[in-house]
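Undergrad: Pasting my_file13.cif here (mmCIF, C-alpha atoms and all ligand atoms):
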data_upload
loop_
_atom_site.group_PDB
_atom_site.id
_atom_site.type_symbol
_atom_site.label_atom_id
_atom_site.label_comp_id
_atom_site.auth_asym_id
_atom_site.auth_seq_id
_atom_site.Cartn_x
_atom_site.Cartn_y
_atom_site.Cartn_z
ATOM 1 C CA MET A 19 131.923 112.829 123.664
ATOM 2 C CA LEU A 20 129.908 115.849 124.798
ATOM 3 C CA GLY A 21 132.103 115.967 127.888
ATOM 4 C CA TRP A 22 135.037 117.299 125.894
ATOM 5 C CA SER A 23 134.251 120.927 126.505
ATOM 6 C CA ILE A 24 135.874 124.075 127.831
ATOM 7 C CA ASN A 25 134.008 126.264 130.332
ATOM 8 C CA LEU A 26 134.071 129.951 129.418
ATOM 9 C CA PHE A 27 132.037 131.963 131.939
ATOM 10 C CA ARG A 28 128.764 132.003 133.852
ATOM 11 C CA LEU A 29 125.952 134.404 133.070
ATOM 12 C CA PHE A 30 122.557 134.489 134.873
ATOM 13 C CA GLY A 31 123.674 131.337 136.670
ATOM 14 C CA ILE A 32 124.210 129.507 133.376
ATOM 15 C CA GLN A 33 127.588 128.067 132.452
ATOM 16 C CA LEU A 34 128.681 128.795 128.898
ATOM 17 C CA ALA A 35 130.921 126.083 127.446
ATOM 18 C CA VAL A 36 132.401 125.315 124.039
ATOM 19 C CA HIS A 37 133.015 121.829 122.741
ATOM 20 C CA VAL A 38 136.663 121.225 121.782
ATOM 21 C CA SER A 39 135.651 120.484 118.176
ATOM 22 C CA PHE A 40 134.738 124.158 118.019
ATOM 23 C CA LEU A 41 138.462 124.956 117.779
ATOM 24 C CA LEU A 42 138.564 122.950 114.532
ATOM 25 C CA LEU A 43 135.796 125.155 113.178
ATOM 26 C CA LEU A 44 137.796 128.296 114.016
ATOM 27 C CA ALA A 45 140.876 126.789 112.349
ATOM 28 C CA TYR A 46 138.793 125.925 109.273
ATOM 29 C CA TYR A 47 137.478 129.492 108.965
ATOM 30 C CA ALA A 48 140.965 130.897 109.547
ATOM 31 C CA TRP A 49 142.171 128.791 106.623
ATOM 32 C CA ILE A 50 139.265 129.859 104.353
ATOM 33 C CA GLY A 51 139.893 133.521 105.266
ATOM 34 C CA TRP A 52 143.620 133.209 104.640
ATOM 35 C CA GLN A 53 143.001 131.823 101.165
ATOM 36 C CA GLU A 54 140.608 134.621 100.329
ATOM 37 C CA GLY A 55 142.487 137.583 101.727
ATOM 38 C CA ARG A 56 145.639 136.618 103.620
ATOM 39 C CA TRP A 57 145.886 138.258 107.092
ATOM 40 C CA ALA A 58 142.954 140.633 106.667
ATOM 41 C CA GLY A 59 140.805 137.792 105.349
ATOM 42 C CA MET A 60 141.836 135.508 108.166
ATOM 43 C CA PHE A 61 141.082 138.038 110.908
ATOM 44 C CA TRP A 62 137.755 138.968 109.371
ATOM 45 C CA SER A 63 136.743 135.344 108.857
ATOM 46 C CA VAL A 64 137.588 134.271 112.433
ATOM 47 C CA GLY A 65 136.088 137.511 113.788
ATOM 48 C CA PHE A 66 132.857 136.987 111.874
ATOM 49 C CA ILE A 67 132.416 133.334 112.842
ATOM 50 C CA THR A 68 132.944 134.412 116.471
ATOM 51 C CA LEU A 69 130.305 137.120 116.062
ATOM 52 C CA PHE A 70 128.003 134.546 114.463
ATOM 53 C CA PHE A 71 128.345 132.262 117.469
ATOM 54 C CA VAL A 72 127.745 135.198 119.815
ATOM 55 C CA CYS A 73 124.355 135.392 118.064
ATOM 56 C CA VAL A 74 123.912 131.627 118.578
ATOM 57 C CA VAL A 75 124.609 132.156 122.307
ATOM 58 C CA LEU A 76 122.096 135.030 122.442
ATOM 59 C CA HIS A 77 119.545 132.751 120.733
ATOM 60 C CA GLU A 78 120.126 130.103 123.413
ATOM 61 C CA PHE A 79 119.894 132.736 126.151
ATOM 62 C CA GLY A 80 116.525 133.690 124.654
ATOM 63 C CA HIS A 81 115.304 130.135 125.317
ATOM 64 C CA SER A 82 117.101 129.832 128.661
ATOM 65 C CA LEU A 83 116.022 133.093 130.293
ATOM 66 C CA THR A 84 112.402 132.487 129.244
ATOM 67 C CA ALA A 85 112.647 128.946 130.656
ATOM 68 C CA GLN A 86 114.008 130.332 133.938
ATOM 69 C CA ARG A 87 110.915 132.529 134.208
ATOM 70 C CA TYR A 88 108.903 129.301 134.253
ATOM 71 C CA GLY A 89 111.091 127.908 137.024
ATOM 72 C CA VAL A 90 113.067 125.599 134.742
ATOM 73 C CA SER A 91 116.719 125.358 135.763
ATOM 74 C CA VAL A 92 119.249 125.717 132.959
ATOM 75 C CA ARG A 93 122.578 124.052 133.695
ATOM 76 C CA ARG A 94 124.656 125.200 130.768
ATOM 77 C CA ILE A 95 124.751 126.338 127.198
ATOM 78 C CA LEU A 96 127.082 124.242 125.085
ATOM 79 C CA LEU A 97 128.400 125.488 121.774
ATOM 80 C CA LEU A 98 129.024 122.865 119.117
ATOM 81 C CA PRO A 99 130.184 123.475 115.540
ATOM 82 C CA ILE A 100 126.611 122.661 114.421
ATOM 83 C CA GLY A 101 125.047 125.176 116.806
ATOM 84 C CA GLY A 102 124.136 125.787 120.413
ATOM 85 C CA MET A 103 122.411 123.590 122.941
ATOM 86 C CA ALA A 104 120.787 124.770 126.164
ATOM 87 C CA GLU A 105 120.780 121.945 128.695
ATOM 88 C CA MET A 106 117.669 122.435 130.779
ATOM 89 C CA ASP A 107 115.521 120.346 133.069
ATOM 90 C CA GLN A 108 112.276 119.033 131.703
ATOM 91 C CA ILE A 109 110.389 122.006 130.342
ATOM 92 C CA PRO A 110 106.730 122.465 131.287
ATOM 93 C CA ARG A 111 104.225 120.576 129.166
ATOM 94 C CA ARG A 112 101.814 123.459 129.170
ATOM 95 C CA PRO A 113 101.708 124.323 125.448
ATOM 96 C CA SER A 114 101.751 128.075 126.175
ATOM 97 C CA ALA A 115 104.955 127.770 128.242
ATOM 98 C CA GLU A 116 106.689 125.511 125.725
ATOM 99 C CA LEU A 117 105.611 127.804 122.918
ATOM 100 C CA LEU A 118 107.035 130.938 124.559
ATOM 101 C CA ILE A 119 110.316 129.247 125.580
ATOM 102 C CA THR A 120 110.752 127.973 122.029
ATOM 103 C CA VAL A 121 109.765 131.125 120.182
ATOM 104 C CA ALA A 122 112.128 133.251 122.304
ATOM 105 C CA GLY A 123 115.222 131.806 120.538
ATOM 106 C CA PRO A 124 114.425 132.720 116.926
ATOM 107 C CA ALA A 125 112.857 135.968 118.182
ATOM 108 C CA VAL A 126 116.312 137.054 119.409
ATOM 109 C CA ASN A 127 117.702 136.537 115.870
ATOM 110 C CA PHE A 128 114.935 138.624 114.321
ATOM 111 C CA VAL A 129 115.536 141.387 116.876
ATOM 112 C CA ILE A 130 119.266 141.435 115.999
ATOM 113 C CA ALA A 131 118.382 141.497 112.281
ATOM 114 C CA ALA A 132 115.935 144.346 112.900
ATOM 115 C CA LEU A 133 118.698 146.318 114.668
ATOM 116 C CA VAL A 134 121.191 145.753 111.856
ATOM 117 C CA ILE A 135 118.949 146.143 108.784
ATOM 118 C CA PRO A 136 118.430 149.946 109.055
ATOM 119 C CA PHE A 137 122.216 150.394 108.766
ATOM 120 C CA ALA A 138 122.958 147.781 106.144
ATOM 121 C CA TRP A 139 119.898 146.977 104.032
ATOM 122 C CA ARG A 140 121.409 148.468 100.867
ATOM 123 C CA GLU A 141 124.534 146.362 101.280
ATOM 124 C CA MET A 142 122.446 143.305 102.176
ATOM 125 C CA ILE A 143 120.592 143.339 98.864
ATOM 126 C CA GLY A 144 123.591 144.528 96.866
ATOM 127 C CA LEU A 145 122.221 148.002 96.070
ATOM 128 C CA VAL A 146 125.514 149.686 96.910
ATOM 129 C CA PRO A 147 129.037 148.338 96.566
ATOM 130 C CA PHE A 148 131.079 147.970 99.742
ATOM 131 C CA GLU A 149 134.641 147.189 100.628
ATOM 132 C CA ALA A 150 135.511 143.630 101.638
ATOM 133 C CA TYR A 151 136.125 143.236 105.384
ATOM 134 C CA SER A 152 134.633 146.679 106.106
ATOM 135 C CA THR A 153 132.043 147.436 108.801
ATOM 136 C CA ALA A 154 129.368 147.527 106.080
ATOM 137 C CA ASP A 155 130.473 144.070 104.917
ATOM 138 C CA THR A 156 130.277 142.755 108.484
ATOM 139 C CA LEU A 157 126.844 144.280 109.153
ATOM 140 C CA ALA A 158 125.437 142.937 105.861
ATOM 141 C CA HIS A 159 126.654 139.433 106.696
ATOM 142 C CA LEU A 160 125.380 139.752 110.265
ATOM 143 C CA GLY A 161 121.918 140.795 109.069
ATOM 144 C CA TRP A 162 121.648 137.854 106.679
ATOM 145 C CA ALA A 163 123.095 135.392 109.195
ATOM 146 C CA ASN A 164 120.411 136.271 111.754
ATOM 147 C CA LEU A 165 117.570 136.198 109.238
ATOM 148 C CA VAL A 166 118.711 132.758 108.054
ATOM 149 C CA MET A 167 119.317 131.467 111.609
ATOM 150 C CA GLY A 168 115.889 132.606 112.799
ATOM 151 C CA THR A 169 114.105 131.179 109.742
ATOM 152 C CA PHE A 170 116.058 127.902 109.632
ATOM 153 C CA ASN A 171 115.242 127.179 113.277
ATOM 154 C CA LEU A 172 111.556 127.668 112.561
ATOM 155 C CA LEU A 173 111.459 124.790 110.033
ATOM 156 C CA PRO A 174 108.984 122.249 111.460
ATOM 157 C CA VAL A 175 111.706 119.642 111.916
ATOM 158 C CA PHE A 176 111.571 118.263 115.473
ATOM 159 C CA PRO A 177 113.573 118.719 117.711
ATOM 160 C CA MET A 178 114.445 122.059 116.134
ATOM 161 C CA ASP A 179 112.467 125.072 117.389
ATOM 162 C CA GLY A 180 109.894 124.897 114.573
ATOM 163 C CA GLY A 181 109.230 121.227 115.364
ATOM 164 C CA ARG A 182 108.742 122.036 119.061
ATOM 165 C CA ILE A 183 106.304 124.792 118.165
ATOM 166 C CA PHE A 184 104.463 122.264 115.951
ATOM 167 C CA ARG A 185 104.293 119.821 118.881
ATOM 168 C CA ALA A 186 103.056 122.497 121.290
ATOM 169 C CA VAL A 187 100.242 123.341 118.846
ATOM 170 C CA LEU A 188 99.375 119.637 118.381
ATOM 171 C CA ALA A 189 99.463 119.129 122.157
ATOM 172 C CA CYS A 190 96.515 121.508 122.441
ATOM 173 C CA TYR A 191 94.424 118.840 120.676
ATOM 174 C CA LEU A 192 96.229 115.540 121.305
ATOM 175 C CA PRO A 193 97.806 113.756 124.290
ATOM 176 C CA TYR A 194 101.417 114.877 124.753
ATOM 177 C CA LEU A 195 102.997 111.599 123.622
ATOM 178 C CA ARG A 196 100.778 111.379 120.538
ATOM 179 C CA ALA A 197 101.541 115.018 119.669
ATOM 180 C CA THR A 198 105.262 114.268 119.987
ATOM 181 C CA TRP A 199 104.911 111.173 117.768
ATOM 182 C CA TRP A 200 103.342 113.266 115.016
ATOM 183 C CA ALA A 201 105.909 116.059 115.366
ATOM 184 C CA VAL A 202 108.740 113.489 115.254
ATOM 185 C CA THR A 203 107.276 111.645 112.252
ATOM 186 C CA VAL A 204 106.654 114.805 110.234
ATOM 187 C CA GLY A 205 110.064 116.165 111.323
ATOM 188 C CA ARG A 206 111.951 113.002 110.385
ATOM 189 C CA THR A 207 110.281 112.882 106.976
ATOM 190 C CA LEU A 208 111.202 116.511 106.334
ATOM 191 C CA ALA A 209 114.739 115.948 107.663
ATOM 192 C CA LEU A 210 115.192 113.164 105.089
ATOM 193 C CA VAL A 211 113.807 115.351 102.301
ATOM 194 C CA PHE A 212 116.043 118.299 103.304
ATOM 195 C CA ALA A 213 119.101 116.031 103.667
ATOM 196 C CA GLY A 214 118.451 114.672 100.154
ATOM 197 C CA LEU A 215 117.991 118.162 98.742
ATOM 198 C CA ALA A 216 121.160 119.398 100.473
ATOM 199 C CA LEU A 217 123.185 116.488 99.175
ATOM 200 C CA PHE A 218 121.920 116.083 95.623
ATOM 201 C CA TYR A 219 120.580 119.505 94.720
ATOM 202 C CA PHE A 220 122.636 122.032 96.700
ATOM 203 C CA ASP A 221 125.741 119.862 96.910
ATOM 204 C CA ASN A 222 126.082 120.808 100.597
ATOM 205 C CA ALA A 223 127.359 117.847 102.607
ATOM 206 C CA MET A 224 127.494 119.883 105.857
ATOM 207 C CA ALA A 225 123.748 120.593 105.741
ATOM 208 C CA ALA A 226 123.043 116.935 104.901
ATOM 209 C CA VAL A 227 125.042 115.811 107.964
ATOM 210 C CA LEU A 228 123.167 118.364 110.077
ATOM 211 C CA PHE A 229 119.779 116.981 108.972
ATOM 212 C CA ALA A 230 120.976 113.399 109.557
ATOM 213 C CA PHE A 231 121.935 114.487 113.081
ATOM 214 C CA ILE A 232 118.502 116.096 113.585
ATOM 215 C CA PHE A 233 116.837 112.883 112.296
ATOM 216 C CA MET A 234 118.641 110.836 114.971
ATOM 217 C CA ALA A 235 118.073 113.402 117.713
ATOM 218 C CA ALA A 236 114.315 113.287 117.041
ATOM 219 C CA GLY A 237 114.254 109.507 117.523
ATOM 220 C CA ALA A 238 116.328 109.736 120.696
ATOM 221 C CA GLU A 239 114.088 112.379 122.227
ATOM 222 C CA TYR A 240 110.951 110.379 121.401
ATOM 223 C CA ARG A 241 112.364 107.212 122.998
ATOM 224 C CA MET A 242 113.311 109.210 126.117
ATOM 225 C CA LEU A 243 109.805 110.638 126.388
ATOM 226 C CA LEU A 244 108.228 107.203 125.813
ATOM 227 C CA GLN A 245 110.340 105.732 128.620
ATOM 228 C CA ARG A 246 109.421 108.593 130.940
ATOM 229 C CA GLU A 247 105.712 108.098 130.156
ATOM 230 C CA GLN A 248 105.977 104.361 130.842
ATOM 231 C CA GLU A 249 107.687 105.033 134.161
ATOM 232 C CA ALA A 250 105.027 107.580 135.085
ATOM 233 C CA ALA A 251 102.295 105.069 134.170
ATOM 234 C CA TYR A 252 104.027 102.434 136.298
ATOM 235 C CA TRP A 253 104.199 104.698 139.356
ATOM 236 C CA ALA A 254 100.615 105.831 138.844
ATOM 237 C CA GLU A 255 99.524 102.180 138.727
ATOM 238 C CA LEU A 256 101.559 101.435 141.847
ATOM 239 C CA ALA A 257 100.028 104.403 143.672
ATOM 240 C CA ARG A 258 96.547 103.258 142.617
ATOM 241 C CA ARG A 259 97.122 99.738 143.953
ATOM 242 C CA VAL A 260 98.578 101.008 147.214
ATOM 243 C CA ALA A 261 95.641 103.372 147.587
ATOM 244 C CA VAL A 262 93.122 100.518 147.349
ATOM 245 C CA VAL A 263 94.880 98.408 149.978
ATOM 246 C CA PRO A 264 92.732 99.472 152.949
ATOM 247 C CA GLU A 265 89.553 98.684 151.033
ATOM 248 C CA VAL A 266 90.368 95.056 150.215
ATOM 249 C CA ASP A 267 91.025 92.299 152.666
ATOM 250 C CA GLU A 268 93.702 90.360 150.879
ATOM 251 C CA SER A 269 96.975 92.053 150.086
ATOM 252 C CA PRO A 270 97.228 93.213 146.496
ATOM 253 C CA GLU A 271 99.398 91.409 144.046
ATOM 254 C CA PRO A 272 102.749 93.189 143.747
ATOM 255 C CA PRO A 273 102.976 95.092 140.487
ATOM 256 C CA LEU A 274 105.412 93.973 137.833
ATOM 257 C CA LEU A 275 108.709 95.576 138.677
ATOM 258 C CA ARG A 276 110.318 94.944 135.365
ATOM 259 C CA ARG A 277 110.296 97.318 132.475
ATOM 260 C CA GLY A 278 112.221 97.625 129.281
ATOM 261 C CA PRO A 279 113.316 94.742 127.090
ATOM 262 C CA ASN A 280 113.504 92.039 129.783
HETATM 263 ZN ZN ZN B 1 116.472 127.551 119.316
#
Give the structure from this file in structure tokens form.
TA:
Amino acid sequence: MLGWSINLFRLFGIQLAVHVSFLLLLAYYAWIGWQEGRWAGMFWSVGFITLFFVCVVLHEFGHSLTAQRYGVSVRRILLLPIGGMAEMDQIPRRPSAELLITVAGPAVNFVIAALVIPFAWREMIGLVPFEAYSTADTLAHLGWANLVMGTFNLLPVFPMDGGRIFRAVLACYLPYLRATWWAVTVGRTLALVFAGLALFYFDNAMAAVLFAFIFMAAGAEYRMLLQREQEAAYWAELARRVAVVPEVDESPEPPLLRRGPN
């Protein structure tokens, strides 16, 4: 399903791609804008959602360029209607590296907000009236969008940025797998709470779906890590047995080659 994407351009060796479902999102915002303000509304609405996703891309570049500094290769950044995804190789387990790579994303949003706020803070808090679809309108929305994006990503809901930061902090005190288990468990609990709140209190089905997606992604990432750990343990055991061969007379028993459910 994730293969249904359109490549846009490469930047810093990273391919930027949009998932085809993104076109539905643009169509949806065009329709909303049309209902609110005909042509002007439609252009502003599509223009703003594009600008919003430019900020999402910059957020992902924040993660990606920091990761590249640690020698991690980043294959592409994929834009989905629910947000961006930087596809990178395994990131370093050193908590300081993971922390910096993770923090760099939301930091980009706060930098954008800090650039916009001096020009639009009065409009942002409704101190002065402004014309719909004007530059002031756009800047006010852009400021809020980046403040919300930066803050939302810092919620400690693994595998969102806040959850990864939580794991990196835990990993200073616990083994990596154990730290991940705690981050996933806390994150999944919070994801359920937030999904419930979104659905029954804020009447926002989109946010509920997003948290359900995050809930599943957390489980998937944990299972992947668990499998990788088991494989690493297997190879370590194999290496240990091979290493002791010269010391013993009889040949060692071959290690169990099976893993997984069988
Ligand atoms: Zn992020």
Undergrad: Tell me which of A:Ala48, A:Ala250, A:Ala236, A:Val126 sits closest to ligand ZN 1 (chain B), counting all atoms listed in the file.
TA: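 Among A:Ala48, A:Ala250, A:Ala236, A:Val126, it is A:Val126 that comes nearest to ligand ZN 1 (chain B).
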Undergrad: Give me the residues near Val187 (chain A) as a list of chain:residue names, where near means some atom within 10 Å (using all atoms listed in the file) and where sequence neighbours in that chain fewer than 4 positions away do not count.
TA: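 In the requested form, the answer reads A:Pro113, A:Ser114, A:Glu116, A:Leu117, A:Gly181, A:Arg182, A:Ile183, A:Tyr191, A:Leu192, A:Ala197, A:Ala201.
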Undergrad: All residues within 10 Å of ligand ZN 1 (chain B) are required, counting all atoms listed in the file; please report them as a PyMOL selection string.
TA: chain A and resi 74-82+101-104+119-127+167-168+170-172+177-180+182
Undergrad: Using CA of Ser91 (chain A) and CA of Ile232 (chain A) as the two end points, give the distance in Å to one decimal.
TA: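 Distance between the two atoms: 24.1 Å.
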Undergrad: Go ahead and compute the interatomic distance for CA of Leu97 (chain A) and CA of Phe40 (chain A), in Å to one decimal.
TA: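 We find that CA of Leu97 (chain A) and CA of Phe40 (chain A) lie 7.5 Å from each other.
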